[in-house]
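Asker: Just passing along the structure, written as structure tokens.
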2 protein chains.
Amino acid sequence: MGNITLKELAKMLGLSVSSVSKALNDSHEISVETKRKVQELASAHNYRPNMFGKSLKTGRTNTVAIIIPYLANPFQAQILEGAHQAAYSNNYKLIFMQSREDADKEIELLQSLLSQNIDGILISPSANTSVEFLQEVHQEVPIVLIDRIDFELETHKIGVDNERGAFAATQHLIDMGREHILVLNGKDLGVTQKRTAGHKNALLANQIPFSEDNIIEVDYQLSRQDLVHSLREMLQEKLSKVDKPIGILGNTDILTLSTLAILSEMEICVPEEAAVIGFSNTEAADSLNPALSTVVQPALEMGKLGIEKLVELMNCKNRFQAVTTTTKLDPMLVFRKSTTAQPASS
Amino acid sequence: MGNITLKELAKMLGLSVSSVSKALNDSHEISVETKRKVQELASAHNYRPNMFGKSLKTGRTNTVAIIIPYLANPFQAQILEGAHQAAYSNNYKLIFMQSREDADKEIELLQSLLSQNIDGILISPSANTSVEFLQEVHQEVPIVLIDRIDFELETHKIGVDNERGAFAATQHLIDMGREHILVLNGKDLGVTQKRTAGHKNALLANQIPFSEDNIIEVDYQLSRQDLVHSLREMLQEKLSKVDKPIGILGNTDILTLSTLAILSEMEICVPEEAAVIGFSNTEAADSLNPALSTVVQPALEMGKLGIEKLVELMNCKNRFQAVTTTTKLDPMLVFRKSTTAQPASS
DNA sequence: TTGTAAGCGTTATCAA
DNA sequence: TTGATAACGCTTACAA
């Protein structure tokens with residue numbers, strides 16, 4: 001079975017292969033009448049050009065790839081979604097890959113992309129990716145960095161202003177009358193540093209002293225159950241020696257959602273006794289109990305913008321002389337019930 | 001720039017292209033010494049075979065594709081994850097695509113796959129996909145159906161036993177002393193029918209009369225906000241005329257999570273006054289308030305098994321005579337706090 | 001053990 | 001306006 005080829009069409013029409021090819025590509029060299037006949041027969045036989053023949057000849061594939069650490073992460077899935085939309089409207093095919101935060105796996109993926117003549121790559125590198133390798137790849141095919149933009153690669157980068165997000169969230173908690181704020185961090189996560197810095201700055205701007213004691217750092221290597229257990233213990237300890245009303249800034253979904261559950265167990269009312277805001281892109285925020293105020297990352301926009309920058313680079317005659325840009329998009333604050341009631345009077 | 005080719009390697013080595021090709025493919029026709037030289041030079045120059053030349057020649061790509069409706073759906077993302085794992089361990093590349101529940105888009109995707117000489121396709125078809133088209137595609141390249149298996153296509157199918165899942169969940173609610181059970185359905189969703197049937201059967205098996213009045217059906221076309229609003233009204237109405245303790249079976253995440261929030265607003269205690277169990281694959285179940293009992297679909301296994309069946313089919317000499325199987329995997333019940341406390345005495 | 005040549009399905013150049 | 005031919009990078013009979 002398989003697909004019908006140009007050759008076969010040509011034979012059926014009594015034309016040459018090259019004429020058929022030109023007719024199907026709507027070349028001006030071919031008569032209107034011939035074009036019509038060719039195109040009719042082609043669609044009657046459901047002809048589809050073979051990508052491999054085409055790409056082998058042209059050296060292009062009209063395909064870009066995106067590599068992210070984990071597909072099953074809502075934030076990253078939204079990046080994908082945005083990339084998908086932008087690729088589609090720029091007439092590129094998009095292929096997805098996930099590195100699982102594994103630099104070796106990532107190298108494998110990149111190499112396989114190179115042998116596929118991919119036209120461009122959008123990548124959110126895993127934590128320990130070597131810049132050198134990215135550099136090498138970038139010599140052959142344009143790369144654009146997304147989300148994880150702290151790599152010394154001379155190219156377009158699109159990220160989120162985590163510092164600003166944490167600043168705004170902290171300011172919001174302060175505005176809601178919470179001067180005592182706990183921060184929930186995942187140990188060694190990439191975003192931790194910037195978000196903590198933003199938090200500190202907000203305290204500073206409000207003349208509130210910062211204390212390491214208010215940072216709760218949980219080991220993200222633990223199993224889910226152990227992680228929750230460890231979080232519970234630390235929360236209980238911190239809460240026992242802290243004046244309410246307090247505020248809590250959750251820097252990851254797991255930590256924030258678990259904290260809501262733990263507070264409920266401890267019979268601490270949210271938001272009256274403890275206001276909670278989390279960095280989160282989950283749709284569930286609205287349906288949580290209570291509905292969770294969130295710092296939302298512009299994931300869709302990142303994906304879109306990433307592809308657009310990539311297209312720009314691919315269309316560049318000499319991309320090594322192109323002016324490269326670094327864009328930091330602002331997260332958006334969504335206020336819901338978990339922060340928006342008056343504190344209980346202490 | 002670009003990549004080095006066989007031809008170039010051959011010239012550098014003073015060998016013929018075919019010898020180099022054979023050497024790199026570790027053919028027994030080539031002397032050990034030559035192989036060594038060739039392979040050394042190849043890796044020194046970071047040679048990577050060009051997929052297009054290769055596939056054009058061999059007609060194979062070692063690539064399978066998976067098409068699902070929505071990437072950003074945790075359940076479907078887990079299917080992807082499973083497929084990814086199985087493809088990897090079977091030495092296939094996997095490319096992902098999403099149809100967005102749009103039959104036309106899906107046709108486009110399938111056609112583009114056909115022109116890419118993909119070796120096989122795993123698909124969870126959109127609701128209104130035409131079987132005829134799937135049939136046609138299946139003539140050219142093997143297809144395996146996953147999750148949405150109610151299509152008259154003669155091939156392997158892997159799905160979930162939704163009826164059984166709903167039966168078990170209902171039985172669990174009954175076991176927990178809830179004889180009055182509300183069911184939350186999304187209107188026109190594919191899973192609704194089977195799950196409702198399973199629910200009815202469980203009632204029957206326990207000599208509990210079924211009443212349409214206990215089915216809450218929400219229009220899934222509504223915006224998130226309107227949907228929650230409409231759900232709230234219906235819940236309030238039903239709950240006002242129902243004896244507690246009741247049980248609630250949520251057939252989708254949005255409905256279940258929203259219900260938890262609404263019940264909390266209404267100051268109805270879960271599980272004491274209303275026990276809640278939901279069909280869900282979200283990791284958040286553990287962190288909800290209260291932790292949510294769930295019927296978990298074996299998404300990872302589905303993805304894996306789907307690829308395995310596909311590989312089986314691809315390796316088949318004559319796949320049109322192959323015996324095709326339909327596998328229904330059992331969902332798994334996970335009991336958490338939302339159903340596992342004694343009902344309040346009424 | 002190595003080399004030659006043909007061919008996979010296209011497109012592009014040049015000639016008719 | 002159409003056709004013959006070469007080429008893209010690779011594999012594979014078959015010949016040397």
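Residue names in the structure tokens use chain letters A, B, ... in the order shown, residue numbers from 1 in each chain, and ligand numbers from 1 in the order shown.
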DSSP on the backbone: which residues in range 140-317 of chain A end up as strand (DSSP E or B)? Give the answer as a PyMOL selection string.

Answerer: chain A and resi 143-146+157-160+180-186+215-218+246-250+274-279+293-296

Asker: Return as a tab-separated table the residues of chain B lying at most 9 Å from chain C, together with the closest atom-to-atom pair for each and the distance in Å to one decimal, counting only C-alpha atoms (C1' of nucleotides), with rows in chain order and ascending residue number.

Answerer:
residue	atom	partner	partner_atom	distance
B:Leu15	CA	C:DT2	C1'	8.3
B:Ser16	CA	C:DG3	C1'	6.3
B:Val17	CA	C:DG3	C1'	8.7
B:Ser18	CA	C:DG3	C1'	7.6
B:Ser19	CA	C:DT2	C1'	6.6
B:Glu29	CA	C:DT1	C1'	6.4
B:Ile30	CA	C:DT1	C1'	5.9
B:Ser31	CA	C:DT1	C1'	6.4
B:Gly53	CA	C:DC8	C1'	8.3
B:Ser55	CA	C:DC8	C1'	8.3
B:Leu56	CA	C:DC8	C1'	4.9
B:Lys57	CA	C:DC8	C1'	4.5
B:Thr58	CA	C:DC8	C1'	7.5
B:Gly59	CA	C:DC8	C1'	7.8

Asker: Would you please work out which residue, of B:Glu40, B:Ser258, B:Ala10, B:Pro49, is nearest to chain D when using only C-alpha atoms (C1' of nucleotides)?

Answerer: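 Counting only C-alpha atoms (C1' of nucleotides), the residue closest to chain D is B:Pro49.
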
Asker: Using only C-alpha atoms (C1' of nucleotides), find the one residue out of A:Ser115, A:Asp175, A:Ala87, A:Glu233 that sits nearest to chain D.

Answerer: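 That would be A:Ser115, the residue with the smallest distance to chain D.
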
Asker: Distance cut-off 6 Å, counting only C-alpha atoms - which residues of chain B neighbour chain A? Return them as a PyMOL selection string.

Answerer: chain B and resi 2+48+50-52+56+72+77+115-116+140+257-258+261+287-289

Asker: Would you save the residues from that selection as a PDB file, in the first residue's frame, using N, CA and C atoms?

Answerer:
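Output file selection-v5.pdb is given in full below:
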ATOM      1  N   GLY B   2      26.554  22.580   9.203  1.00  0.00           N
ATOM      2  CA  GLY B   2      25.707  21.395   9.111  1.00  0.00           C
ATOM      3  C   GLY B   2      26.435  20.181   9.648  1.00  0.00           C
ATOM      4  N   ARG B  48      26.655  12.136  12.596  1.00  0.00           N
ATOM      5  CA  ARG B  48      25.332  11.595  12.918  1.00  0.00           C
ATOM      6  C   ARG B  48      24.625  11.290  11.618  1.00  0.00           C
ATOM      7  N   ASN B  50      22.079  11.018   8.767  1.00  0.00           N
ATOM      8  CA  ASN B  50      20.914  11.835   8.442  1.00  0.00           C
ATOM      9  C   ASN B  50      19.675  10.954   8.308  1.00  0.00           C
ATOM     10  N   MET B  51      18.723  11.274   9.175  1.00  0.00           N
ATOM     11  CA  MET B  51      17.480  10.501   9.218  1.00  0.00           C
ATOM     12  C   MET B  51      16.781  10.425   7.868  1.00  0.00           C
ATOM     13  N   PHE B  52      16.898  11.478   7.114  1.00  0.00           N
ATOM     14  CA  PHE B  52      16.093  11.543   5.892  1.00  0.00           C
ATOM     15  C   PHE B  52      16.646  10.632   4.821  1.00  0.00           C
ATOM     16  N   LEU B  56      14.469   7.456   3.802  1.00  0.00           N
ATOM     17  CA  LEU B  56      14.050   7.427   2.409  1.00  0.00           C
ATOM     18  C   LEU B  56      14.424   6.079   1.815  1.00  0.00           C
ATOM     19  N   ALA B  72      -2.519  19.137  28.180  1.00  0.00           N
ATOM     20  CA  ALA B  72      -2.471  19.759  29.503  1.00  0.00           C
ATOM     21  C   ALA B  72      -3.487  19.148  30.447  1.00  0.00           C
ATOM     22  N   ALA B  77      -1.636  13.423  30.159  1.00  0.00           N
ATOM     23  CA  ALA B  77      -0.191  13.596  30.280  1.00  0.00           C
ATOM     24  C   ALA B  77       0.435  12.328  30.842  1.00  0.00           C
ATOM     25  N   SER B 115       2.758  11.337   5.823  1.00  0.00           N
ATOM     26  CA  SER B 115       3.826  11.768   4.913  1.00  0.00           C
ATOM     27  C   SER B 115       5.189  11.758   5.598  1.00  0.00           C
ATOM     28  N   GLN B 116       5.189  11.423   6.863  1.00  0.00           N
ATOM     29  CA  GLN B 116       6.469  11.332   7.558  1.00  0.00           C
ATOM     30  C   GLN B 116       6.936   9.902   7.724  1.00  0.00           C
ATOM     31  N   GLU B 140      -2.552   1.909   5.864  1.00  0.00           N
ATOM     32  CA  GLU B 140      -1.179   2.261   5.534  1.00  0.00           C
ATOM     33  C   GLU B 140      -0.214   2.061   6.692  1.00  0.00           C
ATOM     34  N   LEU B 257     -13.494  18.877  42.590  1.00  0.00           N
ATOM     35  CA  LEU B 257     -12.776  19.880  43.374  1.00  0.00           C
ATOM     36  C   LEU B 257     -13.689  21.072  43.689  1.00  0.00           C
ATOM     37  N   SER B 258     -14.451  21.482  42.695  1.00  0.00           N
ATOM     38  CA  SER B 258     -15.356  22.605  42.945  1.00  0.00           C
ATOM     39  C   SER B 258     -16.350  22.259  44.039  1.00  0.00           C
ATOM     40  N   ALA B 261     -15.029  22.746  47.458  1.00  0.00           N
ATOM     41  CA  ALA B 261     -15.031  24.155  47.838  1.00  0.00           C
ATOM     42  C   ALA B 261     -16.440  24.631  48.186  1.00  0.00           C
ATOM     43  N   SER B 287      -3.200  16.459  48.806  1.00  0.00           N
ATOM     44  CA  SER B 287      -2.995  17.752  49.451  1.00  0.00           C
ATOM     45  C   SER B 287      -4.269  18.556  49.548  1.00  0.00           C
ATOM     46  N   LEU B 288      -5.355  17.980  49.118  1.00  0.00           N
ATOM     47  CA  LEU B 288      -6.612  18.725  49.184  1.00  0.00           C
ATOM     48  C   LEU B 288      -7.121  18.748  50.616  1.00  0.00           C
ATOM     49  N   ASN B 289      -8.170  19.485  50.787  1.00  0.00           N
ATOM     50  CA  ASN B 289      -8.687  19.722  52.116  1.00  0.00           C
ATOM     51  C   ASN B 289     -10.185  19.447  52.128  1.00  0.00           C
TER      52      ASN B 289
END

Asker: Contacts from chain D to chain A, 7 Å maximum, only C-alpha atoms (C1' of nucleotides): show me the residue list as number ranges by chain.

Answerer: D: 1-3, 8

Asker: Taking the DSSP assignment computed from this structure's backbone, write out as a PyMOL selection string all residues of range 12-233 of chain B that belong to alpha helix (DSSP H).

Answerer: chain B and resi 12-13+17-24+32-44+51-58+74-89+103-114+131-140+162-175+192-205+224-233

Asker: Name the residues in contact with range 149-151 of chain A at a cut-off of 12 Å, using only C-alpha atoms (C1' of nucleotides), excluding same-chain residues fewer than 5 positions from it; report them as a VMD selection string.

Answerer: chain A and resid 122 to 135 143 to 144 156 to 162 190 to 191 194 302 306 325 to 328

Asker: In Å to one decimal, how far is CA of Arg60 in chain A from CA of Leu310 in chain A?

Answerer: 14.9 Å
